[in-house]
file model.csv (CSV, C-alpha atoms)
chain,number,residue,atom,x,y,z
A,1,MET,CA,0.0,0.0,0.0
A,2,ALA,CA,1.2,3.5,-0.7
A,3,SER,CA,-0.3,7.0,-0.9
A,4,ARG,CA,-0.1,9.2,-3.9
A,5,ILE,CA,0.1,13.0,-4.2
A,6,ALA,CA,-3.5,13.9,-4.7
A,7,GLN,CA,-3.7,17.6,-4.1
A,8,TRP,CA,-1.5,20.7,-3.7
A,9,THR,CA,-2.8,23.1,-1.1
A,10,LEU,CA,-1.9,26.8,-0.6
A,11,ASP,CA,-2.9,29.2,2.2
A,12,VAL,CA,-3.6,32.5,0.4
A,13,HIS,CA,-4.8,36.0,1.2
A,14,ASP,CA,-6.9,36.6,-1.9
A,15,VAL,CA,-8.6,33.4,-3.0
A,16,ASN,CA,-10.2,34.8,-6.2
A,17,ARG,CA,-7.0,36.4,-7.5
A,18,MET,CA,-4.9,33.3,-6.7
A,19,ALA,CA,-7.5,31.0,-8.2
A,20,ARG,CA,-7.5,33.0,-11.5
A,21,PHE,CA,-3.7,33.0,-11.6
A,22,TRP,CA,-3.2,29.3,-10.9
A,23,SER,CA,-6.1,28.2,-13.1
A,24,GLU,CA,-4.5,30.0,-16.0
A,25,VAL,CA,-1.1,28.7,-15.2
A,26,LEU,CA,-2.3,25.1,-15.1
A,27,GLY,CA,-5.3,25.2,-17.4
A,28,TYR,CA,-7.5,24.1,-14.5
A,29,ARG,CA,-11.2,24.9,-13.9
A,30,ILE,CA,-12.2,26.9,-10.8
A,31,GLU,CA,-14.8,25.6,-8.4
A,32,PRO,CA,-15.6,28.3,-5.7
A,33,ARG,CA,-16.6,26.7,-2.4
A,34,ASN,CA,-19.1,28.0,0.1
A,35,ASP,CA,-16.5,28.2,2.8
A,36,GLY,CA,-14.5,30.8,0.9
A,37,SER,CA,-11.9,28.4,-0.5
A,38,ALA,CA,-11.6,27.4,-4.1
A,39,LYS,CA,-10.8,24.1,-5.7
A,40,LEU,CA,-9.0,23.9,-9.0
A,41,TRP,CA,-9.7,20.9,-11.2
A,42,PRO,CA,-7.6,19.5,-14.0
A,43,PRO,CA,-9.1,19.8,-17.5
A,44,ASP,CA,-11.4,17.1,-18.8
A,45,GLY,CA,-9.4,14.3,-20.2
A,46,ALA,CA,-6.5,14.7,-17.8
A,47,PRO,CA,-5.4,11.4,-16.3
A,48,GLY,CA,-7.2,10.7,-13.0
A,49,ILE,CA,-4.0,11.0,-11.0
A,50,ALA,CA,-3.5,14.7,-12.0
A,51,PRO,CA,-3.4,16.5,-8.7
A,52,THR,CA,-6.1,19.0,-7.8
A,53,VAL,CA,-5.3,22.4,-6.2
A,54,TRP,CA,-7.0,23.8,-3.2
A,55,LEU,CA,-6.7,27.4,-2.2
A,56,GLN,CA,-7.8,28.2,1.4
A,57,PRO,CA,-8.0,31.7,2.9
A,58,THR,CA,-5.5,32.7,5.6
A,59,THR,CA,-4.8,35.9,7.4
A,60,ALA,CA,-1.2,34.8,8.2
A,61,ASP,CA,1.5,36.6,6.4
A,62,LYS,CA,4.2,34.8,4.4
A,63,THR,CA,7.6,34.9,6.2
A,64,GLY,CA,10.8,33.9,4.4
A,65,LYS,CA,11.2,31.4,1.6
A,66,ASN,CA,8.5,28.7,1.6
A,67,ARG,CA,9.9,25.4,2.8
A,68,ILE,CA,7.9,23.6,0.1
A,69,HIS,CA,7.3,24.6,-3.5
A,70,ILE,CA,6.2,23.1,-6.7
A,71,ASP,CA,8.1,22.8,-9.9
A,72,LEU,CA,6.2,23.2,-13.1
A,73,GLY,CA,7.0,21.5,-16.4
A,74,THR,CA,5.7,22.3,-19.9
A,75,ASP,CA,5.3,19.5,-22.4
A,76,ALA,CA,5.1,22.1,-25.2
A,77,GLY,CA,8.9,22.2,-25.4
A,78,ASP,CA,9.1,25.9,-25.2
A,79,PRO,CA,10.1,26.8,-21.6
A,80,VAL,CA,11.3,30.3,-22.6
A,81,GLY,CA,7.9,31.1,-24.1
A,82,GLU,CA,6.2,29.6,-21.0
A,83,VAL,CA,8.2,31.9,-18.7
A,84,ASP,CA,7.0,34.8,-20.7
A,85,ARG,CA,3.4,33.6,-20.5
A,86,LEU,CA,3.7,33.0,-16.7
A,87,ILE,CA,5.0,36.6,-16.2
A,88,ALA,CA,2.2,38.0,-18.3
A,89,LEU,CA,-0.2,36.2,-16.0
A,90,GLY,CA,1.3,37.8,-12.9
A,91,ALA,CA,4.4,35.8,-12.0
A,92,ARG,CA,7.7,37.5,-11.4
A,93,ARG,CA,11.3,36.4,-11.3
A,94,VAL,CA,12.8,36.1,-7.8
A,95,ASP,CA,16.3,35.5,-6.3
A,96,VAL,CA,16.5,32.7,-3.8
A,97,GLY,CA,20.2,32.4,-4.1
A,98,GLN,CA,20.3,30.6,-7.4
A,99,ARG,CA,23.4,31.0,-9.7
A,100,GLY,CA,21.4,31.3,-12.9
A,101,THR,CA,22.9,28.2,-14.4
A,102,GLU,CA,20.4,25.8,-12.9
A,103,PRO,CA,18.1,23.8,-15.3
A,104,PHE,CA,15.1,25.8,-14.0
A,105,VAL,CA,13.8,29.4,-13.7
A,106,VAL,CA,12.8,30.6,-10.2
A,107,LEU,CA,9.5,32.6,-10.1
A,108,ALA,CA,6.9,33.7,-7.6
A,109,ASP,CA,3.2,33.9,-7.8
A,110,PRO,CA,1.2,37.1,-7.1
A,111,GLU,CA,1.4,36.5,-3.3
A,112,GLY,CA,5.2,35.8,-3.5
A,113,ASN,CA,5.1,32.0,-3.3
A,114,GLU,CA,8.2,30.6,-5.0
A,115,PHE,CA,7.9,28.1,-7.7
A,116,CYS,CA,10.1,26.9,-10.5
A,117,LEU,CA,9.7,26.2,-14.2
A,118,LEU,CA,11.9,23.3,-15.2
A,119,ASP,CA,13.7,23.4,-18.5
A,120,ARG,CA,12.4,19.9,-19.0
A,121,PRO,CA,9.8,18.0,-17.0
A,122,PRO,CA,11.4,14.9,-15.3
A,123,ARG,CA,10.8,11.7,-17.3
A,124,ASN,CA,9.9,8.6,-15.4
A,125,ALA,CA,11.8,5.5,-16.5
Q,1,MET,CA,-0.2,26.2,-23.6
Q,2,ALA,CA,-0.2,25.3,-19.9
Q,3,SER,CA,2.2,24.0,-17.4
Q,4,ARG,CA,1.7,21.0,-15.2
Q,5,ILE,CA,2.8,20.2,-11.7
Q,6,ALA,CA,5.9,18.1,-12.4
Q,7,GLN,CA,7.6,18.0,-9.0
Q,8,TRP,CA,7.2,18.7,-5.4
Q,9,THR,CA,10.3,20.1,-3.7
Q,10,LEU,CA,11.0,20.3,0.1
Q,11,ASP,CA,13.9,22.0,1.9
Q,12,VAL,CA,15.0,19.6,4.6
Q,13,HIS,CA,17.6,19.3,7.3
Q,14,ASP,CA,18.2,15.5,7.0
Q,15,VAL,CA,18.0,14.5,3.4
Q,16,ASN,CA,18.6,10.7,4.0
Q,17,ARG,CA,16.0,10.5,6.8
Q,18,MET,CA,13.4,12.4,4.8
Q,19,ALA,CA,14.2,10.5,1.6
Q,20,ARG,CA,13.5,7.2,3.4
Q,21,PHE,CA,10.3,8.5,4.9
Q,22,TRP,CA,8.8,10.0,1.8
Q,23,SER,CA,10.0,7.1,-0.4
Q,24,GLU,CA,8.1,4.7,1.8
Q,25,VAL,CA,5.0,6.9,2.0
Q,26,LEU,CA,4.8,7.2,-1.8
Q,27,GLY,CA,6.4,4.0,-2.9
Q,28,TYR,CA,9.0,6.0,-4.7
Q,29,ARG,CA,12.6,5.1,-5.6
Q,30,ILE,CA,15.5,7.2,-4.0
Q,31,GLU,CA,18.2,8.6,-6.3
Q,32,PRO,CA,20.9,10.3,-4.2
Q,33,ARG,CA,22.5,13.2,-6.0
Q,34,ASN,CA,26.1,14.4,-5.8
Q,35,ASP,CA,25.1,17.8,-4.5
Q,36,GLY,CA,23.7,16.3,-1.3
Q,37,SER,CA,20.1,16.4,-2.5
Q,38,ALA,CA,17.9,13.4,-3.3
Q,39,LYS,CA,15.4,12.8,-6.1
Q,40,LEU,CA,12.5,10.5,-5.5
Q,41,TRP,CA,11.0,8.7,-8.6
Q,42,PRO,CA,7.6,7.2,-9.0
Q,43,PRO,CA,7.5,3.4,-9.4
Q,44,ASP,CA,8.0,1.8,-12.8
Q,45,GLY,CA,4.7,1.8,-14.6
Q,46,ALA,CA,3.3,4.9,-12.9
Q,47,PRO,CA,1.8,7.4,-15.4
Q,48,GLY,CA,4.4,9.7,-16.9
Q,49,ILE,CA,2.7,12.7,-15.2
Q,50,ALA,CA,3.2,11.4,-11.7
Q,51,PRO,CA,5.2,14.1,-10.0
Q,52,THR,CA,8.7,13.5,-8.8
Q,53,VAL,CA,9.9,14.7,-5.3
Q,54,TRP,CA,13.1,16.6,-4.8
Q,55,LEU,CA,14.6,16.9,-1.3
Q,56,GLN,CA,17.2,19.7,-1.0
Q,57,PRO,CA,19.3,20.4,2.1
Q,58,THR,CA,18.8,23.6,4.0
Q,59,THR,CA,20.0,24.9,7.3
Q,60,ALA,CA,17.0,27.2,7.7
Q,61,ASP,CA,14.6,26.2,10.5
Q,62,LYS,CA,10.9,25.7,10.0
Q,63,THR,CA,8.8,28.5,11.4
Q,64,GLY,CA,5.1,28.3,11.8
Q,65,LYS,CA,2.7,26.3,9.7
Q,66,ASN,CA,3.9,25.8,6.1
Q,67,ARG,CA,2.0,27.9,3.7
Q,68,ILE,CA,2.0,25.1,1.2
Q,69,HIS,CA,1.4,21.4,1.8
Q,70,ILE,CA,0.4,18.3,-0.1
Q,71,ASP,CA,-2.6,16.1,0.5
Q,72,LEU,CA,-2.2,12.4,0.0
Q,73,GLY,CA,-4.8,10.0,-1.2
Q,74,THR,CA,-4.8,6.3,-1.1
Q,75,ASP,CA,-6.6,4.3,-3.8
Q,76,ALA,CA,-6.7,1.2,-1.6
Q,77,GLY,CA,-9.9,2.4,0.1
Q,78,ASP,CA,-8.5,2.1,3.6
Q,79,PRO,CA,-7.6,5.6,4.8
Q,80,VAL,CA,-7.7,4.4,8.5
Q,81,GLY,CA,-5.2,1.7,7.8
Q,82,GLU,CA,-3.1,4.1,5.8
Q,83,VAL,CA,-2.9,6.6,8.7
Q,84,ASP,CA,-1.6,3.8,10.9
Q,85,ARG,CA,1.0,2.9,8.3
Q,86,LEU,CA,2.1,6.6,7.9
Q,87,ILE,CA,2.5,6.9,11.7
Q,88,ALA,CA,4.5,3.7,11.9
Q,89,LEU,CA,6.8,5.2,9.2
Q,90,GLY,CA,7.4,8.3,11.4
Q,91,ALA,CA,4.5,10.7,10.8
Q,92,ARG,CA,2.5,12.1,13.7
Q,93,ARG,CA,-0.9,13.7,14.1
Q,94,VAL,CA,-0.8,17.5,14.5
Q,95,ASP,CA,-3.3,20.2,15.4
Q,96,VAL,CA,-3.5,23.1,13.0
Q,97,GLY,CA,-6.9,24.2,14.2
Q,98,GLN,CA,-8.9,21.5,12.5
Q,99,ARG,CA,-12.3,20.6,14.1
Q,100,GLY,CA,-11.8,16.9,13.6
Q,101,THR,CA,-14.9,16.6,11.4
Q,102,GLU,CA,-13.0,17.4,8.1
Q,103,PRO,CA,-12.8,14.7,5.4
Q,104,PHE,CA,-9.0,14.4,6.0
Q,105,VAL,CA,-6.5,13.7,8.8
Q,106,VAL,CA,-3.7,16.2,9.5
Q,107,LEU,CA,-0.3,14.8,9.9
Q,108,ALA,CA,3.3,16.0,10.0
Q,109,ASP,CA,6.4,14.3,8.5
Q,110,PRO,CA,9.6,13.7,10.7
Q,111,GLU,CA,10.7,17.3,10.3
Q,112,GLY,CA,7.2,18.7,11.1
Q,113,ASN,CA,6.0,19.5,7.6
Q,114,GLU,CA,2.2,19.3,7.7
Q,115,PHE,CA,0.4,17.1,5.2
Q,116,CYS,CA,-3.0,15.6,5.0
Q,117,LEU,CA,-4.4,12.2,4.2
Q,118,LEU,CA,-7.7,12.7,2.4
Q,119,ASP,CA,-10.6,10.3,3.2
Q,120,ARG,CA,-11.0,9.9,-0.5
Q,121,PRO,CA,-8.7,11.2,-3.3
Q,122,PRO,CA,-10.4,13.8,-5.5
Q,123,ARG,CA,-12.0,12.3,-8.6
Q,124,ASN,CA,-11.6,14.2,-11.9
Q,125,ALA,CA,-14.8,14.2,-13.9
call {"tool": "encode", "arguments": {"input": "model.csv", "output": "structure tokens"}}
result
Amino acid sequence: MASRIAQWTLDVHDVNRMARFWSEVLGYRIEPRNDGSAKLWPPDGAPGIAPTVWLQPTTADKTGKNRIHIDLGTDAGDPVGEVDRLIALGARRVDVGQRGTEPFVVLADPEGNEFCLLDRPPRNA
Amino acid sequence: MASRIAQWTLDVHDVNRMARFWSEVLGYRIEPRNDGSAKLWPPDGAPGIAPTVWLQPTTADKTGKNRIHIDLGTDAGDPVGEVDRLIALGARRVDVGQRGTEPFVVLADPEGNEFCLLDRPPRNA
């Protein structure tokens, strides 16, 4: 028996703004919830194991670099174009001490949560 | 064009200990890296989009609840048994203000990073 990564959860200040951003980044559908949170669902046809995203409201402020982040990959084979697209959506480049030669670009979402865009998504076996 | 969630990255104090824990939780294979980090790979036969895990060493201490966490799901249909298994591996129950009636159990890994086990993994349409 093993568990699988089923969902990625963020505590956010502005659920609507963050839902819009992440839904556009991932191509996910927004489901607003009655409790003020939002669930983001993979597009129809995505494999059943594609993780959902859950944005829950918090009043706590972000302090320091997040200990956990996600890395994105694009299968379109154009990571440079994808960085431009992410920045147009509201992401920005951030410095977390990287040298600039790593095989990824470090970005932050509109609330400053760090994430990376990998030059190439990891390929299982 | 859209990106997908390709990897889940944690900053950790003890890469070996955390690699063992998370590899057993997820059934992933450990690849130690020369830079002191470890990459965890989904089992052979997992769908190509199953996210990898990357554990990178840090000296920074965890402060407060992580702003980002993952939620696990088990397809075996026995979340109670899975909680027992996770605790035997080194997880512990934590209180982040939950009422106890939520459809998930809140746990922390050996370095205190919060994660949840969902009663049922989300089902895409």
call {"tool": "residues_around", "arguments": {"input": "model.csv", "residues": "stretch 89-106 of chain A", "least_positions_apart": "5", "cutoff": "12 Å", "atoms": "all atoms listed in the file", "output": "MDAnalysis selection string"}}
result
(chainID A and resid 17:26 64:67 69:74 79:80 82:84 111:122) or (chainID Q and resid 2 7)
call {"tool": "closest_residue", "arguments": {"input": "model.csv", "among": "Q:Ile68, Q:Ala38, Q:Ala108, Q:Ile87", "to": "Q:Asp14", "atoms": "only C-alpha atoms"}}
result
Q:Ala38
call {"tool": "calpha_fit_and_write", "arguments": {"input": "model.csv", "fixed": "chain A", "moving": "chain Q", "output": "tab-separated table (two decimals) with C-alpha atoms, in the frame of the given file"}}
result
chain	number	residue	atom	x	y	z
Q	1	MET	CA	-0.01	0.00	0.06
Q	2	ALA	CA	1.17	3.53	-0.73
Q	3	SER	CA	-0.30	6.93	-0.92
Q	4	ARG	CA	-0.09	9.27	-3.85
Q	5	ILE	CA	0.12	13.01	-4.10
Q	6	ALA	CA	-3.53	13.88	-4.76
Q	7	GLN	CA	-3.60	17.63	-4.14
Q	8	TRP	CA	-1.54	20.65	-3.63
Q	9	THR	CA	-2.92	23.10	-1.08
Q	10	LEU	CA	-1.89	26.79	-0.58
Q	11	ASP	CA	-2.95	29.22	2.17
Q	12	VAL	CA	-3.65	32.50	0.45
Q	13	HIS	CA	-4.84	35.98	1.26
Q	14	ASP	CA	-6.86	36.58	-1.97
Q	15	VAL	CA	-8.53	33.39	-3.00
Q	16	ASN	CA	-10.19	34.82	-6.22
Q	17	ARG	CA	-6.95	36.45	-7.44
Q	18	MET	CA	-4.89	33.34	-6.78
Q	19	ALA	CA	-7.56	31.04	-8.21
Q	20	ARG	CA	-7.46	32.99	-11.50
Q	21	PHE	CA	-3.70	32.96	-11.60
Q	22	TRP	CA	-3.15	29.31	-10.87
Q	23	SER	CA	-6.12	28.25	-13.04
Q	24	GLU	CA	-4.52	29.97	-15.99
Q	25	VAL	CA	-1.04	28.63	-15.24
Q	26	LEU	CA	-2.31	25.03	-15.08
Q	27	GLY	CA	-5.27	25.17	-17.36
Q	28	TYR	CA	-7.44	24.14	-14.49
Q	29	ARG	CA	-11.15	24.81	-13.86
Q	30	ILE	CA	-12.15	26.97	-10.74
Q	31	GLU	CA	-14.82	25.63	-8.39
Q	32	PRO	CA	-15.60	28.25	-5.72
Q	33	ARG	CA	-16.60	26.69	-2.43
Q	34	ASN	CA	-19.08	28.00	0.13
Q	35	ASP	CA	-16.46	28.23	2.84
Q	36	GLY	CA	-14.54	30.89	0.93
Q	37	SER	CA	-11.99	28.45	-0.46
Q	38	ALA	CA	-11.58	27.43	-4.10
Q	39	LYS	CA	-10.85	24.05	-5.69
Q	40	LEU	CA	-9.03	23.93	-8.96
Q	41	TRP	CA	-9.71	20.85	-11.24
Q	42	PRO	CA	-7.58	19.49	-14.00
Q	43	PRO	CA	-9.06	19.75	-17.52
Q	44	ASP	CA	-11.45	17.10	-18.80
Q	45	GLY	CA	-9.43	14.24	-20.16
Q	46	ALA	CA	-6.42	14.74	-17.88
Q	47	PRO	CA	-5.27	11.47	-16.23
Q	48	GLY	CA	-7.20	10.67	-13.09
Q	49	ILE	CA	-3.99	11.07	-11.02
Q	50	ALA	CA	-3.46	14.68	-11.98
Q	51	PRO	CA	-3.44	16.50	-8.68
Q	52	THR	CA	-6.10	18.99	-7.80
Q	53	VAL	CA	-5.23	22.42	-6.18
Q	54	TRP	CA	-7.00	23.73	-3.14
Q	55	LEU	CA	-6.72	27.43	-2.23
Q	56	GLN	CA	-7.74	28.18	1.39
Q	57	PRO	CA	-7.97	31.67	2.91
Q	58	THR	CA	-5.60	32.66	5.65
Q	59	THR	CA	-4.78	35.90	7.35
Q	60	ALA	CA	-1.26	34.76	8.23
Q	61	ASP	CA	1.52	36.60	6.36
Q	62	LYS	CA	4.22	34.87	4.40
Q	63	THR	CA	7.58	34.89	6.11
Q	64	GLY	CA	10.76	33.92	4.43
Q	65	LYS	CA	11.17	31.46	1.61
Q	66	ASN	CA	8.52	28.70	1.61
Q	67	ARG	CA	9.90	25.45	2.73
Q	68	ILE	CA	7.85	23.65	0.15
Q	69	HIS	CA	7.23	24.61	-3.46
Q	70	ILE	CA	6.15	23.05	-6.72
Q	71	ASP	CA	8.09	22.87	-9.94
Q	72	LEU	CA	6.19	23.20	-13.17
Q	73	GLY	CA	6.99	21.56	-16.43
Q	74	THR	CA	5.67	22.29	-19.80
Q	75	ASP	CA	5.33	19.50	-22.39
Q	76	ALA	CA	5.17	22.01	-25.24
Q	77	GLY	CA	8.98	22.17	-25.43
Q	78	ASP	CA	9.12	25.94	-25.11
Q	79	PRO	CA	10.15	26.76	-21.53
Q	80	VAL	CA	11.30	30.31	-22.64
Q	81	GLY	CA	7.93	31.06	-24.09
Q	82	GLU	CA	6.25	29.60	-21.06
Q	83	VAL	CA	8.18	31.89	-18.68
Q	84	ASP	CA	6.96	34.86	-20.69
Q	85	ARG	CA	3.40	33.60	-20.47
Q	86	LEU	CA	3.68	33.00	-16.65
Q	87	ILE	CA	5.00	36.57	-16.18
Q	88	ALA	CA	2.23	38.04	-18.29
Q	89	LEU	CA	-0.24	36.16	-16.00
Q	90	GLY	CA	1.30	37.86	-12.91
Q	91	ALA	CA	4.36	35.83	-11.90
Q	92	ARG	CA	7.73	37.49	-11.41
Q	93	ARG	CA	11.33	36.33	-11.33
Q	94	VAL	CA	12.81	36.07	-7.82
Q	95	ASP	CA	16.26	35.51	-6.36
Q	96	VAL	CA	16.52	32.74	-3.81
Q	97	GLY	CA	20.25	32.39	-4.18
Q	98	GLN	CA	20.24	30.57	-7.48
Q	99	ARG	CA	23.40	30.93	-9.67
Q	100	GLY	CA	21.41	31.30	-12.85
Q	101	THR	CA	22.99	28.20	-14.40
Q	102	GLU	CA	20.36	25.75	-12.93
Q	103	PRO	CA	18.09	23.82	-15.33
Q	104	PHE	CA	15.05	25.82	-14.06
Q	105	VAL	CA	13.85	29.42	-13.65
Q	106	VAL	CA	12.71	30.66	-10.23
Q	107	LEU	CA	9.52	32.52	-10.12
Q	108	ALA	CA	7.00	33.74	-7.56
Q	109	ASP	CA	3.17	33.80	-7.86
Q	110	PRO	CA	1.17	37.10	-7.09
Q	111	GLU	CA	1.41	36.52	-3.35
Q	112	GLY	CA	5.18	35.71	-3.49
Q	113	ASN	CA	5.05	31.94	-3.28
Q	114	GLU	CA	8.19	30.66	-5.01
Q	115	PHE	CA	7.87	28.09	-7.77
Q	116	CYS	CA	10.08	26.92	-10.53
Q	117	LEU	CA	9.67	26.26	-14.21
Q	118	LEU	CA	11.87	23.31	-15.11
Q	119	ASP	CA	13.74	23.38	-18.48
Q	120	ARG	CA	12.42	19.93	-19.03
Q	121	PRO	CA	9.83	17.99	-16.93
Q	122	PRO	CA	11.32	14.91	-15.27
Q	123	ARG	CA	10.84	11.74	-17.32
Q	124	ASN	CA	9.86	8.55	-15.45
Q	125	ALA	CA	11.72	5.54	-16.76
call {"tool": "closest_residue", "arguments": {"input": "model.csv", "among": "Q:Arg33, Q:Ala88, Q:Ala50, Q:Leu107", "to": "chain A", "atoms": "all atoms listed in the file"}}
result
Q:Ala50
call {"tool": "residues_near_point", "arguments": {"input": "model.csv", "point": "(17.1, 17.5, -5.0)", "cutoff": "8 Å", "atoms": "all atoms listed in the file", "output": "short mmCIF file (atom, residue, chain, number, x, y, z; two decimals) with C-alpha atoms, keeping the file's coordinate frame"}}
result
data_model
loop_
_atom_site.label_atom_id
_atom_site.label_comp_id
_atom_site.auth_asym_id
_atom_site.auth_seq_id
_atom_site.Cartn_x
_atom_site.Cartn_y
_atom_site.Cartn_z
CA THR Q 9 10.30 20.10 -3.70
CA ARG Q 33 22.50 13.20 -6.00
CA GLY Q 36 23.70 16.30 -1.30
CA SER Q 37 20.10 16.40 -2.50
CA ALA Q 38 17.90 13.40 -3.30
CA LYS Q 39 15.40 12.80 -6.10
CA VAL Q 53 9.90 14.70 -5.30
CA TRP Q 54 13.10 16.60 -4.80
CA LEU Q 55 14.60 16.90 -1.30
CA GLN Q 56 17.20 19.70 -1.00
CA PRO Q 57 19.30 20.40 2.10
#
call {"tool": "closest_residue", "arguments": {"input": "model.csv", "among": "Q:Asp78, Q:Glu31, Q:Asp61, Q:Asp44", "to": "Q:His13", "atoms": "all atoms listed in the file"}}
result
Q:Asp61
call {"tool": "residues_around", "arguments": {"input": "model.csv", "residues": "A:Arg29", "least_positions_apart": "4", "cutoff": "8 Å", "atoms": "all atoms listed in the file", "output": "compact mmCIF listing (two decimals) with C-alpha atoms, keeping the file's coordinate frame"}}
result
# COMPACT_ATOMS: atom_id res chain seq x y z
CA SER A 23 -6.10 28.20 -13.10
CA LEU A 40 -9.00 23.90 -9.00
CA TRP A 41 -9.70 20.90 -11.20
CA PRO A 42 -7.60 19.50 -14.00
CA PRO A 43 -9.10 19.80 -17.50
call {"tool": "atom_distance", "arguments": {"input": "model.csv", "atom1": "atom CA of A:Met1", "atom2": "atom CA of Q:Ala76"}}
result
7.0 Å
call {"tool": "atom_distance", "arguments": {"input": "model.csv", "atom1": "atom CA of Q:Arg4", "atom2": "atom CA of A:Gly48"}}
result
13.8 Å
call {"tool": "atom_distance", "arguments": {"input": "model.csv", "atom1": "atom CA of Q:Arg123", "atom2": "atom CA of A:Pro32"}}
result
16.7 Å
call {"tool": "closest_residue", "arguments": {"input": "model.csv", "among": "A:Asn34, A:Thr59, A:Ser3, A:Asn16", "to": "chain Q", "atoms": "only C-alpha atoms"}}
result
A:Ser3
call {"tool": "closest_residue", "arguments": {"input": "model.csv", "among": "A:Asp35, A:Ile30, A:Leu86, A:Val15", "to": "chain Q", "atoms": "all atoms listed in the file"}}
result
A:Leu86
call {"tool": "closest_residue", "arguments": {"input": "model.csv", "among": "A:Ala6, A:Gly77, A:Tyr28, A:Pro110", "to": "chain Q", "atoms": "all atoms listed in the file"}}
result
A:Ala6
